[in-house]
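Asker: To be precise about what I am sending: the file is called run29.tsv and holds TSV, C-alpha atoms.
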```tsv
chain	number	residue	atom	x	y	z
A	1	MET	CA	1.31	-2.69	-24.78
A	2	VAL	CA	2.00	-3.18	-21.07
A	3	LYS	CA	-1.06	-3.05	-18.77
A	4	ASN	CA	0.46	-4.15	-15.46
A	5	ILE	CA	3.83	-4.98	-13.96
A	6	LEU	CA	4.08	-8.03	-11.69
A	7	PHE	CA	7.00	-8.49	-9.32
A	8	LYS	CA	8.40	-11.10	-6.95
A	9	ILE	CA	10.75	-10.30	-4.09
A	10	LYS	CA	12.94	-12.45	-1.88
A	11	LEU	CA	14.40	-11.18	1.38
A	12	LYS	CA	16.83	-12.67	3.84
A	13	GLY	CA	17.80	-11.69	7.34
A	14	LYS	CA	18.15	-12.68	10.97
A	15	GLY	CA	15.69	-12.41	13.83
A	16	ILE	CA	12.12	-11.10	13.88
A	17	VAL	CA	11.48	-7.68	12.33
A	18	ASN	CA	7.68	-7.60	12.67
A	19	TYR	CA	5.95	-8.47	15.95
A	20	ASP	CA	2.27	-9.17	16.61
A	21	SER	CA	0.05	-8.46	19.62
A	22	ASN	CA	0.01	-10.71	22.68
A	23	GLU	CA	-3.47	-11.89	21.62
A	24	GLN	CA	-1.79	-14.43	19.34
A	25	LYS	CA	-1.41	-16.73	22.35
A	26	ARG	CA	-5.15	-17.53	22.08
A	27	ILE	CA	-4.52	-19.31	18.78
A	28	LEU	CA	-1.53	-21.16	20.25
A	29	PHE	CA	-3.51	-22.36	23.29
A	30	ASN	CA	-6.64	-23.28	21.33
A	31	TYR	CA	-4.78	-25.80	19.18
A	32	ASP	CA	-2.77	-28.73	20.48
A	33	SER	CA	-0.06	-29.06	17.84
A	34	LYS	CA	3.49	-30.41	17.92
A	35	ASN	CA	4.40	-27.57	15.54
A	36	THR	CA	3.28	-24.73	17.81
A	37	ASN	CA	3.24	-26.04	21.42
A	38	HIS	CA	6.83	-24.88	21.98
A	39	LEU	CA	5.58	-21.28	21.63
A	40	ARG	CA	2.97	-21.59	24.38
A	41	ASP	CA	3.74	-19.37	27.37
A	42	THR	CA	1.48	-18.14	30.17
A	43	ASN	CA	3.63	-15.06	30.79
A	44	LYS	CA	1.73	-11.91	29.82
A	45	ASN	CA	4.89	-10.12	28.72
A	46	VAL	CA	5.56	-12.11	25.54
A	47	SER	CA	6.08	-10.69	22.05
A	48	PHE	CA	5.14	-13.01	19.20
A	49	ALA	CA	6.25	-12.76	15.60
A	50	LYS	CA	3.58	-12.06	13.00
A	51	LYS	CA	2.59	-15.35	11.36
A	52	ASN	CA	0.39	-17.04	8.83
A	53	PHE	CA	-1.22	-20.11	10.41
A	54	PHE	CA	-2.35	-23.07	8.34
A	55	LEU	CA	-3.26	-26.75	8.63
A	56	ASP	CA	-0.74	-29.11	7.04
A	57	LYS	CA	-1.67	-32.17	4.95
A	58	ASN	CA	-2.32	-34.13	8.15
A	59	GLY	CA	-4.66	-31.45	9.53
A	60	ILE	CA	-2.13	-30.31	12.14
A	61	LEU	CA	-1.67	-26.59	12.85
A	62	ASN	CA	1.57	-25.11	11.55
A	63	TYR	CA	2.82	-21.62	10.81
A	64	LYS	CA	5.16	-19.44	8.80
A	65	ILE	CA	6.63	-16.18	10.06
A	66	LYS	CA	5.79	-13.13	7.99
A	67	ILE	CA	6.45	-9.43	7.49
A	68	SER	CA	3.16	-7.58	6.99
A	69	SER	CA	2.45	-5.70	3.79
A	70	ASP	CA	2.08	-2.52	5.89
A	71	ALA	CA	5.60	-2.94	7.26
A	72	LEU	CA	6.93	-3.43	3.72
A	73	ARG	CA	5.09	-0.34	2.45
A	74	ASN	CA	6.36	1.75	5.36
A	75	ASN	CA	9.92	0.74	4.54
A	76	ILE	CA	9.55	1.43	0.81
A	77	PHE	CA	8.45	5.01	1.57
A	78	LYS	CA	10.45	5.51	4.79
A	79	GLU	CA	12.55	8.41	3.48
A	80	ASP	CA	9.61	10.55	2.32
A	81	LEU	CA	7.72	11.50	5.43
A	82	VAL	CA	8.34	11.54	9.18
A	83	ALA	CA	4.62	11.51	10.00
A	84	GLN	CA	1.25	12.04	8.36
A	85	THR	CA	-1.60	14.02	9.85
A	86	SER	CA	-5.17	14.74	8.76
A	87	SER	CA	-4.44	18.42	9.50
A	88	PHE	CA	-2.77	18.61	6.07
A	89	ILE	CA	-6.20	19.17	4.52
A	90	TYR	CA	-6.42	22.61	6.18
A	91	HIS	CA	-3.10	23.83	4.75
A	92	PRO	CA	-3.09	23.78	0.91
A	93	ALA	CA	0.69	24.07	0.55
A	94	LEU	CA	1.35	21.14	2.91
A	95	LEU	CA	-1.49	19.11	1.41
A	96	TYR	CA	-0.42	19.50	-2.22
A	97	SER	CA	3.26	19.04	-1.47
A	98	TYR	CA	2.16	15.58	-0.25
A	99	ILE	CA	-0.50	14.49	-2.76
A	100	ALA	CA	1.31	15.92	-5.82
A	101	SER	CA	4.45	13.88	-5.14
A	102	PRO	CA	5.68	10.35	-5.90
A	103	LEU	CA	4.77	9.44	-2.29
A	104	GLY	CA	1.13	10.54	-2.62
A	105	ILE	CA	0.60	9.20	-6.14
A	106	LEU	CA	2.24	5.83	-5.50
A	107	ARG	CA	1.33	5.12	-1.87
A	108	GLY	CA	-2.15	6.61	-1.88
A	109	TYR	CA	-3.87	8.67	0.81
A	110	MET	CA	-7.11	9.73	2.45
A	111	PHE	CA	-7.71	13.11	4.08
A	112	ALA	CA	-11.12	13.77	5.62
A	113	GLY	CA	-12.11	17.29	6.63
A	114	LYS	CA	-14.57	18.24	9.36
A	115	ASP	CA	-16.78	19.84	6.70
A	116	GLY	CA	-17.41	16.38	5.22
A	117	LYS	CA	-15.12	16.89	2.24
A	118	THR	CA	-12.76	13.99	1.64
A	119	ILE	CA	-9.97	13.53	-0.87
A	120	LYS	CA	-8.52	10.08	-1.37
A	121	ARG	CA	-6.43	8.06	-3.78
A	122	LYS	CA	-6.11	4.30	-4.04
A	123	SER	CA	-2.53	3.12	-4.35
A	124	PRO	CA	-1.67	1.57	-7.74
A	125	LEU	CA	0.83	-0.61	-5.86
A	126	THR	CA	-0.26	-3.98	-4.46
A	127	ILE	CA	2.14	-5.91	-2.25
A	128	THR	CA	1.39	-9.00	-0.17
A	129	ASP	CA	2.79	-10.09	3.19
A	130	ALA	CA	6.32	-11.47	2.92
A	131	GLU	CA	6.05	-15.10	4.06
A	132	GLN	CA	8.84	-17.33	5.34
A	133	ILE	CA	10.26	-19.73	2.73
A	134	SER	CA	13.19	-21.09	4.77
A	135	SER	CA	12.92	-24.09	7.09
A	136	GLY	CA	14.08	-22.54	10.40
A	137	LYS	CA	11.80	-22.72	13.45
A	138	SER	CA	11.29	-19.88	15.88
A	139	TYR	CA	11.43	-20.22	19.68
A	140	ILE	CA	10.69	-18.20	22.82
A	141	GLU	CA	13.70	-16.53	24.42
A	142	THR	CA	13.88	-14.78	27.79
A	143	PHE	CA	15.43	-11.30	28.07
A	144	SER	CA	16.02	-8.92	30.95
A	145	ARG	CA	15.88	-5.17	31.21
A	146	SER	CA	17.62	-3.46	34.13
A	147	GLY	CA	16.80	-0.01	35.46
A	148	GLU	CA	17.67	2.20	38.39
A	149	LYS	CA	17.89	0.65	41.83
A	150	ASP	CA	15.69	1.99	44.63
A	151	ILE	CA	15.80	1.92	48.43
A	152	HIS	CA	12.68	0.32	49.95
A	153	GLU	CA	12.41	-0.32	53.71
A	154	ASN	CA	16.19	0.18	54.08
A	155	LYS	CA	16.83	-2.46	51.41
A	156	GLU	CA	18.21	-1.95	47.93
A	157	VAL	CA	15.60	-3.12	45.43
A	158	SER	CA	16.30	-3.60	41.71
A	159	ASP	CA	13.64	-2.87	39.10
A	160	THR	CA	15.12	-5.40	36.69
A	161	SER	CA	12.32	-6.88	34.61
A	162	PHE	CA	12.16	-10.06	32.56
A	163	PHE	CA	10.30	-10.39	29.31
A	164	LYS	CA	10.06	-12.94	26.50
A	165	LYS	CA	10.23	-12.63	22.75
A	166	GLU	CA	9.89	-15.02	19.89
A	167	THR	CA	13.09	-15.16	17.89
A	168	ILE	CA	14.78	-17.03	15.06
A	169	GLY	CA	18.19	-17.26	13.40
A	170	ASP	CA	18.65	-16.98	9.64
A	171	ILE	CA	15.39	-16.58	7.76
A	172	GLU	CA	14.21	-15.99	4.19
A	173	TYR	CA	10.93	-14.54	2.95
A	174	GLN	CA	9.08	-14.15	-0.33
A	175	THR	CA	6.46	-11.61	-1.35
A	176	GLU	CA	4.85	-10.57	-4.60
A	177	GLY	CA	2.87	-7.68	-5.95
A	178	ASN	CA	1.50	-5.73	-8.86
A	179	LEU	CA	1.76	-2.20	-10.21
A	180	ASN	CA	-1.47	-1.27	-12.01
A	181	ILE	CA	-0.60	1.07	-14.89
A	182	GLY	CA	-4.21	2.22	-15.41
A	183	ASP	CA	-4.55	3.28	-11.76
A	184	LEU	CA	-1.18	5.02	-11.93
A	185	GLN	CA	-1.97	6.96	-15.13
A	186	PHE	CA	-5.20	8.60	-14.03
A	187	ILE	CA	-5.82	10.88	-11.04
A	188	SER	CA	-9.50	11.68	-10.57
A	189	ALA	CA	-10.80	15.11	-9.63
A	190	ASP	CA	-14.45	14.11	-9.92
A	191	SER	CA	-17.00	13.10	-7.28
A	192	ILE	CA	-19.07	10.99	-9.71
A	193	PHE	CA	-17.27	7.76	-8.78
A	194	ASP	CA	-16.47	8.79	-5.19
A	195	ARG	CA	-12.70	8.94	-5.68
A	196	VAL	CA	-11.79	12.64	-5.66
A	197	CYS	CA	-7.99	12.87	-5.42
A	198	PHE	CA	-7.75	16.67	-5.42
A	199	ASN	CA	-9.84	19.81	-5.86
A	200	PRO	CA	-9.96	20.57	-9.62
A	201	ASN	CA	-10.25	24.30	-8.86
A	202	GLU	CA	-6.82	24.16	-7.24
A	203	TYR	CA	-5.02	22.35	-10.06
A	204	GLU	CA	-3.21	25.35	-11.58
A	205	ASP	CA	-2.45	27.13	-8.31
A	206	TYR	CA	-1.33	24.14	-6.26
A	207	TYR	CA	-1.33	20.63	-7.76
A	208	LYS	CA	0.51	21.43	-10.99
A	209	LYS	CA	3.08	23.67	-9.29
A	210	PHE	CA	4.00	21.11	-6.64
A	211	ALA	CA	3.98	18.23	-9.16
A	212	GLU	CA	6.47	20.11	-11.34
A	213	VAL	CA	8.76	20.51	-8.32
A	214	ASN	CA	8.38	16.97	-6.94
A	215	ILE	CA	8.34	14.91	-10.16
A	216	SER	CA	11.00	15.23	-12.83
A	217	ASP	CA	9.56	15.45	-16.38
A	218	TYR	CA	6.08	16.06	-14.97
A	219	ASN	CA	3.41	16.40	-17.65
A	220	GLY	CA	-0.34	15.92	-17.21
A	221	ASP	CA	-3.48	16.82	-19.13
A	222	ILE	CA	-6.60	17.68	-17.14
A	223	GLY	CA	-10.04	17.18	-18.68
A	224	TYR	CA	-12.86	14.65	-19.15
A	225	TYR	CA	-11.88	11.01	-19.72
A	226	THR	CA	-13.59	7.68	-20.20
A	227	MET	CA	-12.11	4.27	-19.48
A	228	LYS	CA	-11.64	2.32	-22.72
A	229	THR	CA	-12.64	-1.01	-21.21
A	230	SER	CA	-15.66	0.23	-19.23
A	231	ILE	CA	-19.22	-0.66	-20.29
A	232	VAL	CA	-20.45	2.49	-18.49
A	233	ASP	CA	-19.58	5.42	-20.75
A	234	ILE	CA	-19.62	8.24	-18.19
A	235	PRO	CA	-16.92	10.93	-18.63
A	236	GLU	CA	-14.87	11.52	-15.50
A	237	TYR	CA	-12.99	14.74	-14.85
A	238	GLY	CA	-9.39	14.20	-13.89
A	239	LEU	CA	-5.71	14.27	-14.70
A	240	LEU	CA	-4.07	11.89	-17.17
A	241	LEU	CA	-0.31	11.62	-16.71
A	242	SER	CA	1.90	11.44	-19.79
A	243	ASP	CA	3.82	8.24	-20.62
A	244	LYS	CA	7.04	10.04	-19.73
A	245	THR	CA	5.75	10.94	-16.27
A	246	VAL	CA	4.40	7.42	-15.74
A	247	LYS	CA	7.83	5.98	-16.57
A	248	VAL	CA	9.47	8.33	-14.03
A	249	LEU	CA	7.08	7.10	-11.32
A	250	ILE	CA	7.53	3.41	-12.23
A	251	LYS	CA	11.31	3.78	-12.06
A	252	GLU	CA	10.91	5.54	-8.74
A	253	ILE	CA	8.87	2.76	-7.13
A	254	PHE	CA	11.10	-0.08	-8.30
A	255	LYS	CA	14.26	1.74	-7.23
A	256	ARG	CA	12.71	2.07	-3.78
A	257	ILE	CA	11.73	-1.62	-3.74
A	258	LEU	CA	15.27	-2.56	-4.78
A	259	LYS	CA	16.56	-0.77	-1.64
A	260	LEU	CA	14.10	-2.54	0.68
A	261	ASN	CA	15.95	-3.05	3.97
A	262	ILE	CA	14.17	-3.37	7.34
A	263	VAL	CA	16.50	-2.88	10.30
A	264	ARG	CA	15.60	-3.36	13.95
A	265	THR	CA	17.76	-3.27	17.09
A	266	LYS	CA	18.31	-7.04	17.05
A	267	ALA	CA	17.05	-8.10	13.64
A	268	TYR	CA	17.04	-7.21	9.96
A	269	ALA	CA	15.59	-8.29	6.62
A	270	GLU	CA	16.94	-7.11	3.26
A	271	LEU	CA	16.06	-7.71	-0.37
A	272	TYR	CA	18.34	-10.04	-2.29
A	273	GLU	CA	16.26	-10.90	-5.35
A	274	LEU	CA	13.81	-8.89	-7.48
A	275	ASN	CA	12.07	-10.25	-10.58
A	276	ILE	CA	9.64	-8.34	-12.80
A	277	LYS	CA	7.12	-9.45	-15.42
A	278	LEU	CA	5.53	-7.08	-17.94
A	279	VAL	CA	1.86	-7.96	-18.44
A	280	GLU	CA	0.41	-7.58	-21.93
A	281	ASN	CA	-2.05	-10.47	-21.80
A	282	PRO	CA	-3.43	-11.02	-18.26
A	283	LEU	CA	-4.48	-14.58	-19.15
A	284	ILE	CA	-0.92	-15.58	-20.04
A	285	ASP	CA	1.35	-13.20	-18.10
A	286	THR	CA	0.53	-14.45	-14.60
A	287	PHE	CA	2.40	-15.06	-11.35
A	288	ASN	CA	2.26	-18.83	-11.83
A	289	ASN	CA	3.62	-18.75	-15.38
A	290	LYS	CA	7.38	-19.28	-15.03
A	291	ASN	CA	8.18	-17.65	-18.36
A	292	ASN	CA	9.19	-14.04	-19.09
A	293	TRP	CA	10.39	-13.08	-15.62
A	294	ILE	CA	13.14	-10.45	-15.78
A	295	SER	CA	15.85	-10.35	-13.11
A	296	ILE	CA	16.59	-6.86	-11.73
A	297	ASN	CA	19.95	-6.38	-10.03
A	298	SER	CA	20.60	-2.64	-10.24
A	299	GLU	CA	19.03	0.74	-10.89
A	300	ASP	CA	20.50	0.61	-14.41
A	301	ASP	CA	18.46	-2.55	-15.07
A	302	ILE	CA	15.32	-0.63	-14.09
A	303	GLU	CA	16.21	2.34	-16.30
A	304	GLN	CA	16.86	0.20	-19.37
A	305	LEU	CA	13.75	-1.94	-18.92
A	306	ILE	CA	11.27	0.90	-18.34
A	307	ASN	CA	12.73	3.15	-21.06
A	308	ASN	CA	12.05	0.53	-23.72
A	309	ILE	CA	8.42	-0.34	-23.03
A	310	GLN	CA	5.13	1.11	-24.22
A	311	PHE	CA	2.04	1.31	-22.03
A	312	PHE	CA	-1.58	0.62	-22.79
A	313	LYS	CA	-3.55	3.84	-22.28
A	314	MET	CA	-6.50	2.87	-20.15
A	315	TYR	CA	-8.22	6.25	-20.56
A	316	GLU	CA	-9.08	8.34	-23.58
A	317	LYS	CA	-10.01	12.01	-23.61
A	318	GLU	CA	-13.64	12.99	-24.19
A	319	ASP	CA	-14.82	16.13	-25.95
A	320	ASP	CA	-15.73	18.70	-23.28
A	321	THR	CA	-19.06	19.65	-24.87
A	322	LYS	CA	-20.19	16.03	-25.25
A	323	ALA	CA	-18.99	15.17	-21.74
A	324	LYS	CA	-20.89	18.07	-20.18
A	325	GLU	CA	-24.09	17.10	-22.05
A	326	ILE	CA	-23.91	13.54	-20.70
A	327	ARG	CA	-23.15	14.76	-17.20
A	328	GLN	CA	-26.00	17.30	-17.34
A	329	LYS	CA	-28.52	14.59	-18.26
A	330	ILE	CA	-27.37	12.46	-15.33
A	331	GLU	CA	-27.56	15.44	-12.98
A	332	ASP	CA	-31.04	16.45	-14.22
A	333	GLU	CA	-32.41	12.92	-13.73
A	334	TYR	CA	-30.85	12.75	-10.27
A	335	ASN	CA	-32.42	16.09	-9.27
A	336	LYS	CA	-35.84	14.93	-10.57
A	337	LYS	CA	-35.71	11.79	-8.44
A	338	GLN	CA	-34.63	13.81	-5.41
A	339	GLU	CA	-37.54	16.21	-5.91
A	340	LEU	CA	-40.05	13.34	-6.28
A	341	ALA	CA	-38.71	11.73	-3.13
A	342	LYS	CA	-39.17	14.99	-1.21
A	343	LYS	CA	-42.76	15.39	-2.45
A	344	SER	CA	-43.59	11.79	-1.54
A	345	LYS	CA	-42.15	12.26	1.93
A	346	LEU	CA	-44.13	15.47	2.39
A	347	LYS	CA	-47.42	13.76	1.40
A	348	LYS	CA	-46.83	10.96	3.89
A	349	SER	CA	-46.14	13.45	6.69
A	350	LYS	CA	-49.46	15.23	6.00
A	351	LYS	CA	-51.55	12.06	6.30
```
Would you kindly transcribe this structure into structure tokens?
Answerer:
Amino acid sequence: MVKNILFKIKLKGKGIVNYDSNEQKRILFNYDSKNTNHLRDTNKNVSFAKKNFFLDKNGILNYKIKISSDALRNNIFKEDLVAQTSSFIYHPALLYSYIASPLGILRGYMFAGKDGKTIKRKSPLTITDAEQISSGKSYIETFSRSGEKDIHENKEVSDTSFFKKETIGDIEYQTEGNLNIGDLQFISADSIFDRVCFNPNEYEDYYKKFAEVNISDYNGDIGYYTMKTSIVDIPEYGLLLSDKTVKVLIKEIFKRILKLNIVRTKAYAELYELNIKLVENPLIDTFNNKNNWISINSEDDIEQLINNIQFFKMYEKEDDTKAKEIRQKIEDEYNKKQELAKKSKLKKSKK
């Protein structure tokens, strides 16, 4: 029974696709290093590539260029949404068209209303920064930008400006990540663990209707559930997706990852290798274990792999009557403590 899916990605490209703030120069000037001194520049108009800095075996500062995990995520979901706004929470149709979709379920979200009500979902997808694995070194290059010419004191003045950017030729990156099946399967509608993903009173009218439109073979069962591996046996109200629906979403995310391609005006980075590992035993099926990695080269590979696996069900349904009894006891004890706290506070104020 598969509990998680690990993956490794390799990308190749040319130039820098992910730039950092100018504040990076503080690191470069604070360390005297033969590996980074060529990037020092006092010009304020310099764009530096995002990097991971580290000390080599001799204790000398070095670096590797990277693409941030946020940039990778944005590219994976680039075709789904032009922009996101917190105003969605005030328009049920817009809100549920987002959260009851592969984008909302896989990427995650948080919408906070002015009334204090918040709905949020943690993404089941983990992906790290893509770090450089090739040996090329970056350098600072000077560019110019020309604009309209102006007449100043009877002289023609150009507003041509010069700026500098860190750049590189051919480059390769590697990143890795994990798709948590348990987090993907269950969508909470309960405030008990502070992770309400949607309003349970709006399931039939909104969530279910939009999910059926946005997700092929959608099927979910709403009710009280407990996590099989949890030592705290508190029923949580939420939506458990069927295995068929989970498979649709897993195929969806890996097809998107397979198409990962970041394009800038003067740079690009595209995926050229994707390997997947199905995790049944977390102690054995790890990133560092070289065995059981599966090479994915096409969407057909994804279809065949996912169709033939069975998932471990992290949650099991609880009887409604039993669940409500447990929840009522918790709520009664909570109310008692709140009442005692109020009385204690009132006594202190009278003294």
Asker: Residues near stretch 14-22 of chain A, anyone? I mean within 6 Å using only C-alpha atoms, not counting same-chain ones fewer than 5 positions away, as a list in words.
Answerer: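 The contact residues come out as Phe48, Ala49, Lys50, Ile67, Thr167, Ile168, Gly169, Asp170, Ile171, Ala267 and Tyr268 of chain A.
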Asker: For A:Met314, which residue out of A:Ile257, A:Val2, A:Ile215, A:Ile284 is the nearest one, using only C-alpha atoms?
Answerer: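 When distances to A:Met314 are compared using only C-alpha atoms, the smallest one comes from A:Val2.
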Asker: With only C-alpha atoms as the counted atoms, please give the residues lying no more than 7 Å from stretch 89-91 of chain A, apart from itself and same-chain residues fewer than 3 positions off, as a list in words.
Answerer: Ser86, Leu94, Leu95, Phe111 and Gly113 of chain A
Asker: Do a neighbour search on stretch 117-120 of chain A at 9 Å with all atoms listed in the file, toss out local chain neighbours closer than 3 positions, and write the hits as a list in words.
Answerer: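 Surrounding residues, per the criterion: Ile89, Gly108, Tyr109, Met110, Phe111, Ala112, Gly113, Lys114, Ala189, Asp194, Arg195, Val196, Cys197, Phe198 and Asn199 of chain A.
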Asker: In terms of the shortest atom-to-atom distance over all atoms listed in the file, which of A:Ile306, A:Ile140, A:Ile326, A:Leu11 is closest to A:Val232?
Answerer: A:Ile326
Asker: For a quick check of understanding, using only C-alpha atoms, which of A:Ile234, A:Ile309, A:Ile294, A:Ile253 has the smallest distance to A:Lys324?
Answerer: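 Comparing A:Ile234, A:Ile309, A:Ile294, A:Ile253 against A:Lys324, the winner is A:Ile234.
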Asker: Using atom CA of A:Lys277 and atom CA of A:Leu258 as the two end points, give the distance in Å to one decimal.
Answerer: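 Straight-line distance from atom CA of A:Lys277 to atom CA of A:Leu258 works out to 15.1 Å.
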Asker: Neighbouring residues of A:Leu106 were defined as those with any atom within 10 Å, considering only C-alpha atoms; residues of the same chain fewer than 5 positions away were excluded. Please report them as a CSV table (one decimal) with C-alpha atoms, in the frame of the given file.
Answerer:
```csv
chain,number,residue,atom,x,y,z
A,77,PHE,CA,8.4,5.0,1.6
A,99,ILE,CA,-0.5,14.5,-2.8
A,101,SER,CA,4.4,13.9,-5.1
A,121,ARG,CA,-6.4,8.1,-3.8
A,122,LYS,CA,-6.1,4.3,-4.0
A,123,SER,CA,-2.5,3.1,-4.4
A,124,PRO,CA,-1.7,1.6,-7.7
A,125,LEU,CA,0.8,-0.6,-5.9
A,179,LEU,CA,1.8,-2.2,-10.2
A,183,ASP,CA,-4.6,3.3,-11.8
A,184,LEU,CA,-1.2,5.0,-11.9
A,249,LEU,CA,7.1,7.1,-11.3
A,250,ILE,CA,7.5,3.4,-12.2
A,252,GLU,CA,10.9,5.5,-8.7
A,253,ILE,CA,8.9,2.8,-7.1
```
Asker: Between atom CA of A:Leu55 and atom CA of A:Lys34, what is the distance in Å, rounded to a tenth?
Answerer: 12.1 Å
Asker: When distances are computed from only C-alpha atoms, which of A:Gly220, A:Gln185, A:Ser230, A:Ala211 shows the smallest separation from A:Leu103?
Answerer: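 So, comparing all the options, the nearest one is A:Ala211.
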Asker: Of the candidates A:Thr36, A:Asn75, A:Asn335, A:Ser135, which one gets nearest to A:Glu166 if we count all atoms listed in the file?
Answerer: A:Thr36
Asker: Record the distance separating atom CA of A:Gln24 and atom CA of A:Glu176, expressed in Å with one decimal.
Answerer: 25.1 Å
Asker: Show which residues sit within 10 Å of A:Asp221, as a list in words. Count only C-alpha atoms, and ignore same-chain residues fewer than 5 positions away.
Answerer: Phe186, Gly238, Leu239, Leu240, Leu241, Ser242 and Lys317 of chain A
Asker: Could you write out that same residue set with C-alpha atoms as a tab-separated table (two decimals), in the coordinates of the input?
Answerer:
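Below is the file result.tsv, written as the result:
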```
chain	number	residue	atom	x	y	z
A	186	PHE	CA	-5.20	8.60	-14.03
A	238	GLY	CA	-9.39	14.20	-13.89
A	239	LEU	CA	-5.71	14.27	-14.70
A	240	LEU	CA	-4.07	11.89	-17.17
A	241	LEU	CA	-0.31	11.62	-16.71
A	242	SER	CA	1.90	11.44	-19.79
A	317	LYS	CA	-10.01	12.01	-23.61
```
Asker: Hey, which of A:Asn308, A:Asn43, A:Thr175, A:Asn281 ends up closest to A:Ala130? Count only C-alpha atoms.
Answerer: A:Thr175
